[in-house]
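This report concerns only the one structure given below.
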Amino acid sequence: MLRRSRALLPALALAMLPVAAVLPSSSVAAEETVTTAAPAARASRYDATIRWTEHGIPHITAKDWPSLGFGSGYAAAEAAICTLADTLITARGQRSRWFGPNGNYDDYVSMNGTNLQIDTLVTDIHNRRVVEKLLTSKAGPGTQARQMVAGYAAGVNKWLRANRVTDPACAGAGYLRPNVTALDLWYGVYTANVLASTGTFVKEIVDAAPPTPDDLGLPVSLPRVASDVTPERAARIRAALRPDVAFGSNATAIGGDKTTTGKGMLLGNPHFPWRGRYHFTQQHLTIPGVYDVAGASLIGSPVVNIGFNNDVAWSHTVSTAYRFTPYEYKLLVDPTLYLTASGPKRLERRVVEVKVKRENGSIGTVREDLYRTDVGYVVDSAATLMGWTPLTVWALRDANGEQLRTIDTFLNMGKARTVRDLLRRQDAGGGMPWVNTTAADRRGDVLYADHSVVPHVTNSMKALCRSEIGIVLDQVAGLPGLDGTFADGRCAWGADKDAQRPGILGPRNLPDVVRRDWVHNANDSYWTPNDQVRLEGFPTIIGCEQCPRTMRTRMVAQYVMDQLADGGKESPASLASHQYENRMRAAEVMREDGALDAVCAATGEKRACEVLKRWDGRSDVDSVGTHIFEVFLTRLPDNGVWKEAFSFTDPFNTPRGLNVDNSLVVRAMQRAIDSLRRRKIPFDAPWGTLQVAGDRGAPAIPLGGGMGDEAGNANALAARKTKQNKRFFRPITYGSSHIQSIAFLSGGRVSARTILTYGQSENPRSPFSTDQTRLFSQEKWVSFAWTDAEIERDLLRTERIRG
């Protein structure tokens, strides 16, 4: 636990003050800033107080929901105005207008394409008034969620009027105007909802075009059975269908029967991008006597997405369930005429006009088109066996494209008093878009549930409705491709009485478990919530059963199993310590019986093998040899690595036994050593000299943690599309993000340890840009100020905002 020196507070407070706050005023107390553009005689619609504590964390108090959203929007703009503005431009379909049509947009998760491609899809969604229609439907938000979003938009506008943007990423930009609307925010929520569905196929939707004699749209080879698909091609298909697969997380909840406190505890670590719209900011939201919740929120979210209140703590991990199904339609001579049960239908061709910035700075208009069937957008994706050919065309139905309940879901989870109450509120919301939930409560109960938005495709319906290629997709990637001929009949999504709306699986058809011992998830399917419990018999569209676990899943479970061995229990300190232990389960398994050293010795490389043998098997900043092992893992063959194969009867201990006799395994070690030698990376370099912070503006701060799934490192970090500190071996831009270790204590107390690995502010000029990164480097925690007394103890300044 770390406390900032009180001597630093005046400097930090001054750095955080908005422009309005540093102007002299005889009518405002020194310790409180009042920011308001409204005449004193007029009653304010919005009124919120923000108490900023150490690390720039805002504690927002308001009398009602609109004002609470107002404070949230204001604080979000303070922390991340450039990304927030970029998110809103994207949601408006105006990227080409401001950044040119040929620039690339990448949300660092799944949505990737040129600005023109993104704008074409988003503009068509606007033209179809999708969000406006959802806002008035059963699948739309409730009153409190609407009020929060309206207030959030007003809060962003308030911040823009009261402050000068200093972040070099967008300072002086013409789009920084206080004209944000609630509808902008709702379109932002919508595009985030479809992250793992329509958003995955932006290019394939926008570029879809009827086949011509010169381009028949046929893949190089069109398999008819899964056995025709090579393992390499199957892996490419899965990656194309699920580019968010590496968008991971860990969460562990310990029940009262296994804690020293007799109450629940939670350790959550979402692995998210360190930049872009899917990075977190922290906030604490309070309506006295009504609502009190703290945690982290994604950019554009007025509510806490991952967090805790006085009785319940929860975290999320990305689910294996699919959010869409592809439908394959037979074509009738004309490539735009498709067959349905009621006869032929013509594809709807939609023409979109997009404003673009020309090279000379003038604004022009570009016309693009895309196609739809009754279920959704046509997708031309030969890479996933869903090409538009002279014989068939594919279209996607998107379950998250049919709802706008996400804000309601998270908002009302914050009101929960037990984990069962949390799940009930989540189900009533019906808008958990693409994640599992792991939670713990004061009573000592813990929960694992995948009650996310999943198309109502039962195994029996799937068996009846899969097309020929759809069978291959299902066998290779677990995604059933359905017969579009009957998309509005027997192959339409079903309905459950307990679901919030038709078309999605209801709670009784979704996996969950409440326990008193422990549960966890690390992005493998729901099948193994702990080492003893098996959840089985669910529709395969949610995920696999009796299937291998990643080394990261095995490590997250192993931490708990080791702690509970021989009657042990988890304490608040021991659970928190797992975050920074940096054990690597793959190394532990491969070192059994000296196998890893034997593989290295077989290469004849004495120096590297001496380092690897002395290595502590971890990824701490002072560990020596971590890089040799990680590079070795990236070069292993697809098969023949293990002597003992995976067994569904022992999923946390198999596969095991590194195959020393496989020459390809020895070759992988040799190639790893050769690679490091070519790059002139010393074998004995400490890990912290190689792995450093790589997010925008960050100095080369050494970081512990490392490769997740393959190495079995729960503190997963990755270098993706790095622009900062590129000269280092591994400049980190992704992975461990908003980490929280929450323990409920006696007397109604809460122990809240948190760390936001990349800092609260994305502005590199802010003192809160890298302060928490340094703590993360030092394996320390922030003691989150939860009670009024704790907030006053850590207070930097108080700001009252009205509008």
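Residues are referred to by chain and number: the chain letter is A, B, ... according to the order shown in the structure tokens, the number counts from 1 in that chain, and ligands are numbered separately from 1 in the order shown.
Backbone DSSP over range 586-702 of chain A gives strand (DSSP E) for Trp642, Lys643, Glu644, Arg656, Gly657, Leu658, Gln691, Val692 and Ala693 of chain A.
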Prev. selection, N, CA, C and O atoms, output as an mmCIF file, in the first residue's frame:
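The result, stored in again_28.cif:
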```cif
data_model
loop_
_atom_site.group_PDB
_atom_site.id
_atom_site.type_symbol
_atom_site.label_atom_id
_atom_site.label_comp_id
_atom_site.auth_asym_id
_atom_site.auth_seq_id
_atom_site.Cartn_x
_atom_site.Cartn_y
_atom_site.Cartn_z
ATOM 1 N N TRP A 642 4.006 -32.165 -26.116
ATOM 2 C CA TRP A 642 3.771 -32.819 -24.828
ATOM 3 C C TRP A 642 3.791 -34.338 -24.943
ATOM 4 O O TRP A 642 3.324 -34.897 -25.939
ATOM 5 N N LYS A 643 4.282 -34.970 -23.904
ATOM 6 C CA LYS A 643 4.222 -36.428 -23.844
ATOM 7 C C LYS A 643 2.845 -36.910 -23.428
ATOM 8 O O LYS A 643 2.372 -37.952 -23.882
ATOM 9 N N GLU A 644 2.203 -36.173 -22.529
ATOM 10 C CA GLU A 644 0.867 -36.539 -22.068
ATOM 11 C C GLU A 644 -0.126 -35.522 -22.605
ATOM 12 O O GLU A 644 -0.029 -34.326 -22.325
ATOM 13 N N ARG A 656 0.932 -32.184 -20.273
ATOM 14 C CA ARG A 656 2.158 -32.008 -19.486
ATOM 15 C C ARG A 656 3.229 -32.953 -20.012
ATOM 16 O O ARG A 656 2.975 -33.817 -20.846
ATOM 17 N N GLY A 657 4.443 -32.763 -19.467
ATOM 18 C CA GLY A 657 5.567 -33.588 -19.897
ATOM 19 C C GLY A 657 6.176 -33.088 -21.188
ATOM 20 O O GLY A 657 5.847 -33.583 -22.265
ATOM 21 N N LEU A 658 7.064 -32.100 -21.108
ATOM 22 C CA LEU A 658 7.704 -31.563 -22.304
ATOM 23 C C LEU A 658 8.445 -32.673 -23.039
ATOM 24 O O LEU A 658 9.228 -33.419 -22.445
ATOM 25 N N GLN A 691 11.464 -5.243 -21.068
ATOM 26 C CA GLN A 691 10.027 -4.985 -21.127
ATOM 27 C C GLN A 691 9.730 -3.682 -20.378
ATOM 28 O O GLN A 691 9.956 -3.586 -19.171
ATOM 29 N N VAL A 692 9.213 -2.698 -21.109
ATOM 30 C CA VAL A 692 8.966 -1.377 -20.539
ATOM 31 C C VAL A 692 7.616 -0.852 -20.997
ATOM 32 O O VAL A 692 7.001 -1.382 -21.928
ATOM 33 N N ALA A 693 7.144 0.205 -20.360
ATOM 34 C CA ALA A 693 5.906 0.847 -20.781
ATOM 35 C C ALA A 693 6.076 1.392 -22.194
ATOM 36 O O ALA A 693 7.110 1.980 -22.526
#
```
Residues of range 443-547 of chain A at most 6 Å from range 421-435 of chain A: nearest atom pair and distance in Å, only C-alpha atoms, as a tab-separated table:
```
residue	atom	partner	partner_atom	distance
A:Ser452	CA	A:Met432	CA	4.7
A:Val453	CA	A:Pro433	CA	5.4
A:Gln500	CA	A:Gly430	CA	5.3
```
Q: Please identify all polymer residues within 10 Å of Gly300 in chain A, counting only C-alpha atoms, omitting same-chain residues fewer than 6 positions from it, and present them as a list in words.
A: Ser72, Gly73, Ala76, Ala77, Ala80, Thr83, Leu84, Ala85, Thr87, Leu88, Val149, Tyr152, Ala153, Val156, Asp184, Leu185, Trp186, Gly188, Val189, Ala192, Arg277, Tyr278 and Phe280 of chain A
Selection to disk with N, CA, C and O atoms, as a short mmCIF file (atom, residue, chain, number, x, y, z; two decimals), in the first residue's frame:
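To be explicit, this is the file written out as selection_7.cif:
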```
data_model
loop_
_atom_site.label_atom_id
_atom_site.label_comp_id
_atom_site.auth_asym_id
_atom_site.auth_seq_id
_atom_site.Cartn_x
_atom_site.Cartn_y
_atom_site.Cartn_z
N SER A 72 -19.73 12.70 -14.24
CA SER A 72 -18.96 11.63 -14.87
C SER A 72 -18.39 12.09 -16.20
O SER A 72 -17.22 11.84 -16.52
N GLY A 73 -19.20 12.77 -17.02
CA GLY A 73 -18.72 13.25 -18.31
C GLY A 73 -17.63 14.28 -18.17
O GLY A 73 -16.65 14.28 -18.93
N ALA A 76 -14.47 12.45 -17.15
CA ALA A 76 -13.92 11.68 -18.27
C ALA A 76 -13.19 12.58 -19.25
O ALA A 76 -12.13 12.23 -19.78
N ALA A 77 -13.75 13.76 -19.50
CA ALA A 77 -13.09 14.71 -20.40
C ALA A 77 -11.77 15.18 -19.81
O ALA A 77 -10.78 15.37 -20.53
N ALA A 80 -9.38 12.10 -20.47
CA ALA A 80 -9.14 11.51 -21.79
C ALA A 80 -9.90 12.24 -22.88
O ALA A 80 -10.60 11.62 -23.68
N THR A 83 -9.19 11.00 -26.71
CA THR A 83 -9.81 9.72 -27.06
C THR A 83 -11.32 9.82 -27.04
O THR A 83 -12.01 9.23 -27.88
N LEU A 84 -11.86 10.56 -26.08
CA LEU A 84 -13.30 10.75 -26.02
C LEU A 84 -13.81 11.44 -27.27
O LEU A 84 -14.81 11.03 -27.88
N ALA A 85 -13.13 12.50 -27.70
CA ALA A 85 -13.53 13.20 -28.91
C ALA A 85 -13.42 12.29 -30.13
O ALA A 85 -14.29 12.28 -31.01
N THR A 87 -13.69 9.08 -30.17
CA THR A 87 -14.78 8.10 -30.08
C THR A 87 -16.08 8.70 -30.60
O THR A 87 -16.85 8.03 -31.30
N LEU A 88 -16.34 9.96 -30.27
CA LEU A 88 -17.56 10.61 -30.71
C LEU A 88 -17.55 10.88 -32.21
O LEU A 88 -18.57 10.73 -32.89
N VAL A 149 -26.76 9.37 -19.44
CA VAL A 149 -26.12 9.65 -20.73
C VAL A 149 -26.31 11.11 -21.12
O VAL A 149 -25.36 11.78 -21.58
N TYR A 152 -23.99 13.08 -19.01
CA TYR A 152 -22.60 12.86 -19.42
C TYR A 152 -22.24 13.76 -20.61
O TYR A 152 -21.19 14.40 -20.61
N ALA A 153 -23.13 13.80 -21.60
CA ALA A 153 -22.88 14.66 -22.77
C ALA A 153 -22.76 16.12 -22.34
O ALA A 153 -21.85 16.84 -22.79
N VAL A 156 -19.35 16.72 -20.66
CA VAL A 156 -18.25 16.86 -21.61
C VAL A 156 -18.25 18.28 -22.20
O VAL A 156 -17.21 18.94 -22.30
N ASP A 184 -25.12 11.21 -29.71
CA ASP A 184 -23.73 10.85 -30.01
C ASP A 184 -23.25 9.74 -29.08
O ASP A 184 -22.62 8.77 -29.52
N LEU A 185 -23.54 9.90 -27.79
CA LEU A 185 -23.10 8.91 -26.82
C LEU A 185 -23.77 7.56 -27.06
O LEU A 185 -23.13 6.51 -26.95
N TRP A 186 -25.06 7.58 -27.38
CA TRP A 186 -25.76 6.31 -27.61
C TRP A 186 -25.21 5.60 -28.84
O TRP A 186 -25.09 4.36 -28.85
N GLY A 188 -22.15 5.85 -29.74
CA GLY A 188 -20.89 5.31 -29.24
C GLY A 188 -21.08 4.02 -28.48
O GLY A 188 -20.31 3.08 -28.62
N VAL A 189 -22.11 3.96 -27.65
CA VAL A 189 -22.43 2.74 -26.92
C VAL A 189 -22.76 1.62 -27.90
O VAL A 189 -22.30 0.47 -27.75
N ALA A 192 -19.72 0.16 -29.55
CA ALA A 192 -18.99 -0.69 -28.61
C ALA A 192 -19.70 -2.02 -28.41
O ALA A 192 -19.05 -3.07 -28.28
N ARG A 277 -10.23 3.77 -27.30
CA ARG A 277 -11.52 3.89 -26.62
C ARG A 277 -11.79 2.79 -25.61
O ARG A 277 -12.69 2.91 -24.78
N TYR A 278 -11.02 1.72 -25.65
CA TYR A 278 -11.23 0.64 -24.70
C TYR A 278 -10.22 0.65 -23.56
O TYR A 278 -9.93 -0.37 -22.97
N PHE A 280 -9.49 2.32 -19.72
CA PHE A 280 -10.32 2.69 -18.59
C PHE A 280 -9.90 4.02 -17.97
O PHE A 280 -8.74 4.40 -18.02
#
```
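Minimum distance to Gln94 in chain A across A:Pro572, A:Glu353, A:Ala251, A:Leu267 (counting only C-alpha atoms) occurs at A:Glu353.
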(Q) To one decimal place in Å, what is the distance between CA of Arg236 in chain A and CA of Leu482 in chain A? (A) 20.8 Å
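Counting only C-alpha atoms and comparing A:Leu241, A:Leu116, A:Leu664, A:Leu690, the residue that lies closest to Thr90 in chain A is A:Leu116.
Residues with any atom within 12 Å of Arg607 in chain A, counting only C-alpha atoms and excluding same-chain neighbours fewer than 6 positions away, are Cys600, Ala601, Lys613, Arg614, Gly625, Ile628, Ile673, Arg677, Pro682, Phe683 and Asp684 of chain A.
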Q.
For Thr438 in chain A, find every residue with an atom within 7 Å (counting only C-alpha atoms), except residues of its own chain fewer than 6 positions away, and show them as a list of chain:residue names.
A. A:Ala251, A:Thr252, A:Ala253, A:Trp314, A:Ser315, A:His316, A:Leu447, A:Tyr448, A:Ala449, A:His520
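Minimum atom-to-atom distance to Gly56 in chain A, evaluated using only C-alpha atoms, belongs to A:Thr281 out of A:Arg727, A:Thr281, A:Ala162, A:Asn509.
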Q | Residues within 6 Å of range 584-595 of chain A, only C-alpha atoms, excluding chain neighbours under 4 positions, as number ranges by chain | A | A: 551, 555, 618, 658, 711-713
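Our summary of the geometry notes that CA of Gly537 in chain A is positioned 14.0 Å from CA of Pro507 in chain A.
As for CA of Asn530 in chain A and CA of Leu717 in chain A, they are spaced 24.0 Å apart.
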Q: Might you pull out every residue within 8 Å of Ser381 in chain A, with only C-alpha atoms counted and same-chain residues fewer than 6 positions away left off, and present them as number ranges by chain?
A: A: 204, 387-388
